[in-house]
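The structure under discussion appears below in the form of structure tokens.
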Amino acid sequence: MTLRADRPGLLFALIGLAGLVLPLVQFKPNRIVPGEGVGLPLPLTALLALILLAGCLHWPHIWRLAGGLAGLGTVVLTLGGTARMLMDQAPDLARVAPAAGFWLLLLAFSLMLTDAVTRLRPSLRWRWLMLAGVVGLVVLVLTTGWLDQVSVMREYAARRDAFLREGAAHLFLAFGSLGLALLVGLPLGVAIHQSPAARGPVLSVLNILQTIPSLALFGIMIPIFGWIAANVPGAAQAGIAGIGVFPALVALFLYSLLPVVSNTLTGLSGVSPATQDAALGLGLTRWQVLAWVLVPLALPVLLAAIRIVLVQNIGLAVIAGLIGGGGFGTFVFQGLNQTAMDLVLLGALPTIGMALVAGIALDLLVQSLNRHTPRSA
Amino acid sequence: MIQIQHLTKRYDGKPVVDDVSLTVERGQIAALVGTSGSGKTTLLRMINRLVMPTSGHVLIDGQDTGGIAPHLLRRRIGYAIQGHGLFPHRTVGQNIATVPRLLRWPADEIRARVDELLTLFQLDPDAFRDRMPHELSGGQQQRIGVARALAAKPDVLLMDEPFGALDPVIRAKAQADLRQIQRQLGTTLVLVTHDMTEAILLGDQIAVMDQGRLLQYAPPAEILRAPATPFVEALIGPDMRPFHLLSLTPAFRIATEGHATGTPIPRDATLRDALAECLWSGRDALPVEGGGVVTLTALRERAAP
């Protein structure tokens, strides 16, 4: 340990100390009205402040990691404990909602943790284990029921079945639209790679699609698909409808096309002309050149496209809630309508969690491929 | 044997290769020389039908290549290019094994062939088989590129500026090695180059091309002594003619009885080397290893048409 200030640590400490000053939770008479702030008990405030201040100095990275974990654990467990204590004598309608203090502390310690992980430069295997460990810890904390008195979990308890259903719908929307985009986008990317004349027009159309705001896109699609469902025989039976899952899926699919197609093109174009010429000259057929040479070499860029699209669609799928397409967006828009922020959080938090896990997992996959392709393929 | 008959390629009506006919005898090296845009690469690529001829025929050992599916034809013809074009995601061994795998050779035969070729190109199989192309030096990559082209024992090998990316020292070694391996295997070789020195060094026959037309097709000595057009003369470079001419003959060929002092020159040193040695060491005659001498007078006779 040296007595030189650690700049990121300083920033995290500022965020965290602000969190310590602000109330940890809001104690509300019911789920809609604002309530009074309740802070951390003094010993815990002191403990967290100590960790944050220690983070301003230079320590071995592993200590920083431990500090971040300890801080996160303390904050989350204190949230659950405070909620339990306050709700013990409160009427059933009362709510204990996480407040600004909680979110700032969560942010500060998460940053400290990720910063420590980055500095530790763990091997790929360790990073996979860490990801699994974090997901496992979250699941564990939730299943123990320690947080059950927190407002968001109260909302969950009231909607257990709906939550699972909308979660499945959300995954279906995100992965379904990704699957469709790959099914159409990959061949399209290959096609415009083979015929450069088509590149400009195809990419222009996809670019324009990308710029249409999602609400406007729904506005355009609702009458079109509504008309088709009403007038084309069999269309309604096939699932085509102006509102619901179908237009949501189509919108997400359209937004996914540009990243998939342009990354396919970028990946294929990145393969050196000499390599392709040699492959053809040695007697590979066009398909063999594609399968043996172009696709393996373009794979990291293709996976990057899948990462972009998946993370983007997990987030975008929330708007499906607006037109009855299901997904966690349902809770977000219900919550907004009822001004019940806890319900909004019930939709937003799992969405953020899923996007984070998907993004990190695919990053790790891309890295392991970059390391392995030269040897295995 | 490769017979090229009235081969023409037009892009939008403009001829890139214009009615070229020439024959490369079995086991010989034909060097296609010309400036860029002369059509030499297009001519080469029509032999393995990477470019489809507008008209004309290419016969390999009497068989018209137009009647064979292009990818099957190419598996019978070796192909090596500038910048080697190795597959960066495959090991050296896998790269070399490309065509044998396409031809579905048994696995143990492929393995044996890979090791045989690595040895032929003076690369230790155990050390290089599982390396990735990017781990090799430029000269090693180039050798793997040629080894890959030779893997399925083709009778014909096509090379497009194969040494273009190498530095001069490595290039000279690679050229000498290629010459030796080609003689050893008896492969018929067509080589595209813009470098007349390389063409003279390697070619049994030199084809000089300009604006799609074949200006002259002859052995190096004839090209040097009797260039068909001013363009051929310019491509040789008048200042280089005597030296190119001298470089065609090894010293022992003109060695005569006599006496000379100083360090002897190797038997297969070229007359050009001998001249350089005479000038540099201020001698009028050099002893040749294994007997005989080369005199400055003899060199002068050989340096003129």
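If you're wondering about the labels, chains in the structure tokens are A, B, ... by order shown, residues count from 1 in each chain, ligands from 1 in order shown.
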
Would you list, as a ChimeraX atom specification, the residues of stretch 50-173 of chain B that end up in strand (DSSP E) under DSSP run on this structure's backbone? /B:55-60,63-64,77-81,156-160

Check: which chain B residues lie within 10 Å of chain A using only C-alpha atoms, as a PyMOL selection string: chain B and resi 45+48-50+69-91+94+98-99+102-103+130-134+145+148-149+158

Check stretch 10-91 of chain B with DSSP on the backbone and list each residue it calls alpha helix (DSSP H), as a PyMOL selection string. chain B and resi 40-47+70-75

Can you write out the residues you just picked, keeping N, CA, C and O atoms, as a PDB file, in the first residue's frame?
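Everything below was put into out-v5.pdb:
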ATOM      1  N   LYS B  40      -0.334 -10.345 -68.654  1.00  0.00           N
ATOM      2  CA  LYS B  40       0.369 -11.581 -68.292  1.00  0.00           C
ATOM      3  C   LYS B  40      -0.366 -12.352 -67.196  1.00  0.00           C
ATOM      4  O   LYS B  40      -0.491 -13.578 -67.271  1.00  0.00           O
ATOM      5  N   THR B  41      -0.877 -11.635 -66.202  1.00  0.00           N
ATOM      6  CA  THR B  41      -1.608 -12.328 -65.137  1.00  0.00           C
ATOM      7  C   THR B  41      -2.922 -12.908 -65.660  1.00  0.00           C
ATOM      8  O   THR B  41      -3.293 -14.031 -65.316  1.00  0.00           O
ATOM      9  N   THR B  42      -3.610 -12.150 -66.510  1.00  0.00           N
ATOM     10  CA  THR B  42      -4.856 -12.663 -67.092  1.00  0.00           C
ATOM     11  C   THR B  42      -4.580 -13.934 -67.895  1.00  0.00           C
ATOM     12  O   THR B  42      -5.338 -14.902 -67.814  1.00  0.00           O
ATOM     13  N   LEU B  43      -3.476 -13.923 -68.650  1.00  0.00           N
ATOM     14  CA  LEU B  43      -3.113 -15.110 -69.429  1.00  0.00           C
ATOM     15  C   LEU B  43      -2.903 -16.300 -68.488  1.00  0.00           C
ATOM     16  O   LEU B  43      -3.419 -17.398 -68.723  1.00  0.00           O
ATOM     17  N   LEU B  44      -2.177 -16.063 -67.392  1.00  0.00           N
ATOM     18  CA  LEU B  44      -1.926 -17.141 -66.427  1.00  0.00           C
ATOM     19  C   LEU B  44      -3.239 -17.656 -65.851  1.00  0.00           C
ATOM     20  O   LEU B  44      -3.453 -18.868 -65.757  1.00  0.00           O
ATOM     21  N   ARG B  45      -4.132 -16.730 -65.491  1.00  0.00           N
ATOM     22  CA  ARG B  45      -5.376 -17.121 -64.830  1.00  0.00           C
ATOM     23  C   ARG B  45      -6.363 -17.787 -65.785  1.00  0.00           C
ATOM     24  O   ARG B  45      -7.340 -18.391 -65.333  1.00  0.00           O
ATOM     25  N   MET B  46      -6.101 -17.669 -67.091  1.00  0.00           N
ATOM     26  CA  MET B  46      -6.954 -18.395 -68.024  1.00  0.00           C
ATOM     27  C   MET B  46      -6.530 -19.860 -68.118  1.00  0.00           C
ATOM     28  O   MET B  46      -7.316 -20.710 -68.519  1.00  0.00           O
ATOM     29  N   ILE B  47      -5.283 -20.146 -67.735  1.00  0.00           N
ATOM     30  CA  ILE B  47      -4.822 -21.536 -67.798  1.00  0.00           C
ATOM     31  C   ILE B  47      -5.594 -22.389 -66.793  1.00  0.00           C
ATOM     32  O   ILE B  47      -6.015 -23.499 -67.096  1.00  0.00           O
ATOM     33  N   PRO B  70     -14.244 -26.239 -63.804  1.00  0.00           N
ATOM     34  CA  PRO B  70     -13.093 -25.436 -63.377  1.00  0.00           C
ATOM     35  C   PRO B  70     -12.483 -25.863 -62.047  1.00  0.00           C
ATOM     36  O   PRO B  70     -11.260 -25.944 -61.928  1.00  0.00           O
ATOM     37  N   HIS B  71     -13.343 -26.166 -61.030  1.00  0.00           N
ATOM     38  CA  HIS B  71     -12.745 -26.478 -59.725  1.00  0.00           C
ATOM     39  C   HIS B  71     -11.998 -27.817 -59.763  1.00  0.00           C
ATOM     40  O   HIS B  71     -11.018 -28.010 -59.048  1.00  0.00           O
ATOM     41  N   LEU B  72     -12.455 -28.745 -60.607  1.00  0.00           N
ATOM     42  CA  LEU B  72     -11.743 -30.024 -60.726  1.00  0.00           C
ATOM     43  C   LEU B  72     -10.432 -29.832 -61.481  1.00  0.00           C
ATOM     44  O   LEU B  72      -9.405 -30.414 -61.133  1.00  0.00           O
ATOM     45  N   LEU B  73     -10.476 -28.976 -62.516  1.00  0.00           N
ATOM     46  CA  LEU B  73      -9.253 -28.661 -63.261  1.00  0.00           C
ATOM     47  C   LEU B  73      -8.199 -28.064 -62.332  1.00  0.00           C
ATOM     48  O   LEU B  73      -7.032 -28.449 -62.344  1.00  0.00           O
ATOM     49  N   ARG B  74      -8.654 -27.116 -61.477  1.00  0.00           N
ATOM     50  CA  ARG B  74      -7.710 -26.392 -60.616  1.00  0.00           C
ATOM     51  C   ARG B  74      -7.060 -27.307 -59.590  1.00  0.00           C
ATOM     52  O   ARG B  74      -5.944 -27.055 -59.135  1.00  0.00           O
ATOM     53  N   ARG B  75      -7.755 -28.381 -59.192  1.00  0.00           N
ATOM     54  CA  ARG B  75      -7.148 -29.304 -58.225  1.00  0.00           C
ATOM     55  C   ARG B  75      -5.996 -30.076 -58.859  1.00  0.00           C
ATOM     56  O   ARG B  75      -5.189 -30.664 -58.159  1.00  0.00           O
TER      57      ARG B  75
END

Top pick for closest residue to B:Asp204, considering B:Ser38, B:Gln141, B:Ser55, B:Gln182 and counting only C-alpha atoms: B:Gln182

Residues near A:Ser110, anyone? I mean within 9 Å using only C-alpha atoms, not counting same-chain ones fewer than 4 positions away, as a PyMOL selection string. chain A and resi 68-69+71-72+105-106+114-115

Written selection (N, CA and C atoms) as a PDB file, in the first residue's frame:
ATOM      1  N   GLY A  68     -15.182  -4.361  -2.895  1.00  0.00           N
ATOM      2  CA  GLY A  68     -16.378  -4.169  -3.707  1.00  0.00           C
ATOM      3  C   GLY A  68     -17.446  -5.187  -3.359  1.00  0.00           C
ATOM      4  N   LEU A  69     -17.024  -6.447  -3.253  1.00  0.00           N
ATOM      5  CA  LEU A  69     -17.977  -7.520  -2.926  1.00  0.00           C
ATOM      6  C   LEU A  69     -18.597  -7.308  -1.552  1.00  0.00           C
ATOM      7  N   GLY A  71     -18.893  -4.523   0.098  1.00  0.00           N
ATOM      8  CA  GLY A  71     -19.774  -3.361   0.054  1.00  0.00           C
ATOM      9  C   GLY A  71     -21.112  -3.715  -0.558  1.00  0.00           C
ATOM     10  N   LEU A  72     -21.071  -4.400  -1.725  1.00  0.00           N
ATOM     11  CA  LEU A  72     -22.303  -4.773  -2.412  1.00  0.00           C
ATOM     12  C   LEU A  72     -23.176  -5.641  -1.513  1.00  0.00           C
ATOM     13  N   LEU A 105     -25.132   3.700  -3.804  1.00  0.00           N
ATOM     14  CA  LEU A 105     -24.192   2.753  -3.180  1.00  0.00           C
ATOM     15  C   LEU A 105     -23.994   1.529  -4.063  1.00  0.00           C
ATOM     16  N   LEU A 106     -25.122   1.064  -4.641  1.00  0.00           N
ATOM     17  CA  LEU A 106     -25.050  -0.090  -5.545  1.00  0.00           C
ATOM     18  C   LEU A 106     -24.110   0.236  -6.702  1.00  0.00           C
ATOM     19  N   THR A 114     -16.171  -4.031 -10.726  1.00  0.00           N
ATOM     20  CA  THR A 114     -15.810  -4.239 -12.132  1.00  0.00           C
ATOM     21  C   THR A 114     -14.433  -3.645 -12.418  1.00  0.00           C
ATOM     22  N   ASP A 115     -14.140  -2.524 -11.776  1.00  0.00           N
ATOM     23  CA  ASP A 115     -12.813  -1.913 -11.938  1.00  0.00           C
ATOM     24  C   ASP A 115     -11.734  -2.878 -11.455  1.00  0.00           C
TER      25      ASP A 115
END

For stretch 186-202 of chain B, work out the shell of residues within 6 Å, counting only C-alpha atoms and skipping chain neighbours fewer than 6 positions away, then give it as a PyMOL selection string. chain B and resi 26-35+155-161+220

Take the residues from that selection and put them in a file with N, CA, C and O atoms, as a PDB file, in the first residue's frame.
ATOM      1  N   ARG B  26       6.814 -30.067 -71.467  1.00  0.00           N
ATOM      2  CA  ARG B  26       6.795 -30.742 -70.167  1.00  0.00           C
ATOM      3  C   ARG B  26       8.121 -30.529 -69.432  1.00  0.00           C
ATOM      4  O   ARG B  26       9.193 -30.668 -70.024  1.00  0.00           O
ATOM      5  N   GLY B  27       8.030 -30.162 -68.162  1.00  0.00           N
ATOM      6  CA  GLY B  27       9.219 -30.015 -67.338  1.00  0.00           C
ATOM      7  C   GLY B  27       9.971 -28.710 -67.540  1.00  0.00           C
ATOM      8  O   GLY B  27      11.050 -28.536 -66.986  1.00  0.00           O
ATOM      9  N   GLN B  28       9.412 -27.814 -68.346  1.00  0.00           N
ATOM     10  CA  GLN B  28      10.114 -26.549 -68.582  1.00  0.00           C
ATOM     11  C   GLN B  28       9.479 -25.410 -67.787  1.00  0.00           C
ATOM     12  O   GLN B  28       8.349 -25.513 -67.313  1.00  0.00           O
ATOM     13  N   ILE B  29      10.245 -24.316 -67.675  1.00  0.00           N
ATOM     14  CA  ILE B  29       9.722 -23.125 -67.016  1.00  0.00           C
ATOM     15  C   ILE B  29       9.502 -22.045 -68.062  1.00  0.00           C
ATOM     16  O   ILE B  29      10.433 -21.701 -68.803  1.00  0.00           O
ATOM     17  N   ALA B  30       8.281 -21.551 -68.147  1.00  0.00           N
ATOM     18  CA  ALA B  30       8.004 -20.415 -69.010  1.00  0.00           C
ATOM     19  C   ALA B  30       7.754 -19.209 -68.128  1.00  0.00           C
ATOM     20  O   ALA B  30       6.934 -19.268 -67.209  1.00  0.00           O
ATOM     21  N   ALA B  31       8.497 -18.130 -68.381  1.00  0.00           N
ATOM     22  CA  ALA B  31       8.300 -16.911 -67.598  1.00  0.00           C
ATOM     23  C   ALA B  31       7.541 -15.899 -68.447  1.00  0.00           C
ATOM     24  O   ALA B  31       7.975 -15.568 -69.547  1.00  0.00           O
ATOM     25  N   LEU B  32       6.386 -15.432 -67.927  1.00  0.00           N
ATOM     26  CA  LEU B  32       5.631 -14.393 -68.621  1.00  0.00           C
ATOM     27  C   LEU B  32       6.072 -13.050 -68.056  1.00  0.00           C
ATOM     28  O   LEU B  32       5.907 -12.788 -66.868  1.00  0.00           O
ATOM     29  N   VAL B  33       6.655 -12.211 -68.930  1.00  0.00           N
ATOM     30  CA  VAL B  33       7.171 -10.922 -68.468  1.00  0.00           C
ATOM     31  C   VAL B  33       6.408  -9.809 -69.158  1.00  0.00           C
ATOM     32  O   VAL B  33       6.027  -9.919 -70.319  1.00  0.00           O
ATOM     33  N   GLY B  34       6.240  -8.725 -68.460  1.00  0.00           N
ATOM     34  CA  GLY B  34       5.619  -7.559 -69.061  1.00  0.00           C
ATOM     35  C   GLY B  34       5.368  -6.524 -67.992  1.00  0.00           C
ATOM     36  O   GLY B  34       5.505  -6.798 -66.798  1.00  0.00           O
ATOM     37  N   THR B  35       5.033  -5.304 -68.418  1.00  0.00           N
ATOM     38  CA  THR B  35       4.681  -4.269 -67.452  1.00  0.00           C
ATOM     39  C   THR B  35       3.299  -4.580 -66.905  1.00  0.00           C
ATOM     40  O   THR B  35       2.610  -5.472 -67.402  1.00  0.00           O
ATOM     41  N   ASP B 155       1.128 -31.831 -62.290  1.00  0.00           N
ATOM     42  CA  ASP B 155       2.123 -31.806 -63.365  1.00  0.00           C
ATOM     43  C   ASP B 155       2.430 -30.369 -63.761  1.00  0.00           C
ATOM     44  O   ASP B 155       3.467 -30.079 -64.336  1.00  0.00           O
ATOM     45  N   VAL B 156       1.467 -29.486 -63.480  1.00  0.00           N
ATOM     46  CA  VAL B 156       1.595 -28.093 -63.894  1.00  0.00           C
ATOM     47  C   VAL B 156       1.504 -27.199 -62.667  1.00  0.00           C
ATOM     48  O   VAL B 156       0.665 -27.427 -61.792  1.00  0.00           O
ATOM     49  N   LEU B 157       2.384 -26.213 -62.598  1.00  0.00           N
ATOM     50  CA  LEU B 157       2.348 -25.264 -61.490  1.00  0.00           C
ATOM     51  C   LEU B 157       2.285 -23.851 -62.059  1.00  0.00           C
ATOM     52  O   LEU B 157       3.075 -23.492 -62.934  1.00  0.00           O
ATOM     53  N   LEU B 158       1.320 -23.055 -61.577  1.00  0.00           N
ATOM     54  CA  LEU B 158       1.206 -21.666 -62.003  1.00  0.00           C
ATOM     55  C   LEU B 158       1.626 -20.775 -60.846  1.00  0.00           C
ATOM     56  O   LEU B 158       1.200 -20.984 -59.712  1.00  0.00           O
ATOM     57  N   MET B 159       2.456 -19.775 -61.136  1.00  0.00           N
ATOM     58  CA  MET B 159       2.892 -18.870 -60.074  1.00  0.00           C
ATOM     59  C   MET B 159       2.757 -17.428 -60.541  1.00  0.00           C
ATOM     60  O   MET B 159       3.233 -17.065 -61.609  1.00  0.00           O
ATOM     61  N   ASP B 160       2.088 -16.615 -59.703  1.00  0.00           N
ATOM     62  CA  ASP B 160       1.896 -15.210 -60.043  1.00  0.00           C
ATOM     63  C   ASP B 160       2.757 -14.364 -59.107  1.00  0.00           C
ATOM     64  O   ASP B 160       2.434 -14.214 -57.937  1.00  0.00           O
ATOM     65  N   GLU B 161       3.852 -13.829 -59.621  1.00  0.00           N
ATOM     66  CA  GLU B 161       4.768 -13.006 -58.821  1.00  0.00           C
ATOM     67  C   GLU B 161       5.063 -13.646 -57.459  1.00  0.00           C
ATOM     68  O   GLU B 161       4.894 -13.002 -56.421  1.00  0.00           O
ATOM     69  N   PRO B 220      15.943 -17.395 -73.178  1.00  0.00           N
ATOM     70  CA  PRO B 220      16.540 -16.141 -72.721  1.00  0.00           C
ATOM     71  C   PRO B 220      17.649 -15.628 -73.638  1.00  0.00           C
ATOM     72  O   PRO B 220      17.689 -14.432 -73.953  1.00  0.00           O
TER      73      PRO B 220
END

Please indicate the distance in Å from atom CA of A:Arg125 to atom CA of A:Val260, rounded to one decimal place.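 Those two atoms sit 28.0 Å apart.
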
Give me the residues within 12 Å of A:Tyr255 as JSON, numbers by chain, counting only C-alpha atoms and dropping any in the same chain fewer than 3 places off. {"A": [174, 177, 178, 180, 181, 185, 205, 206, 207, 208, 209, 210, 211, 212, 213, 214, 217, 248, 249, 250, 251, 252, 258, 259, 260, 261, 308, 309, 310, 312, 313, 316, 317]}

Can you pull out the residues contacting A:Leu48? Cut-off 12 Å, using only C-alpha atoms, and skip same-chain residues under 2 positions away; I want them as a PyMOL selection string. chain A and resi 12-13+16-21+40-46+50-55+67-75+78+105-106+108-109

Surrounding residues of A:Gly226 excluding itself and chain neighbours under 5 positions, 8 Å, only C-alpha atoms, as a list in words: Met221, Ile240, Ala241, Gly242 and Ile243 of chain A

May I ask which of the residues A:Met153, A:Leu11, A:Leu131, A:Leu336 is the closest one to A:Ala361, counting only C-alpha atoms?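 For A:Ala361, the nearest of the candidates is A:Leu131.
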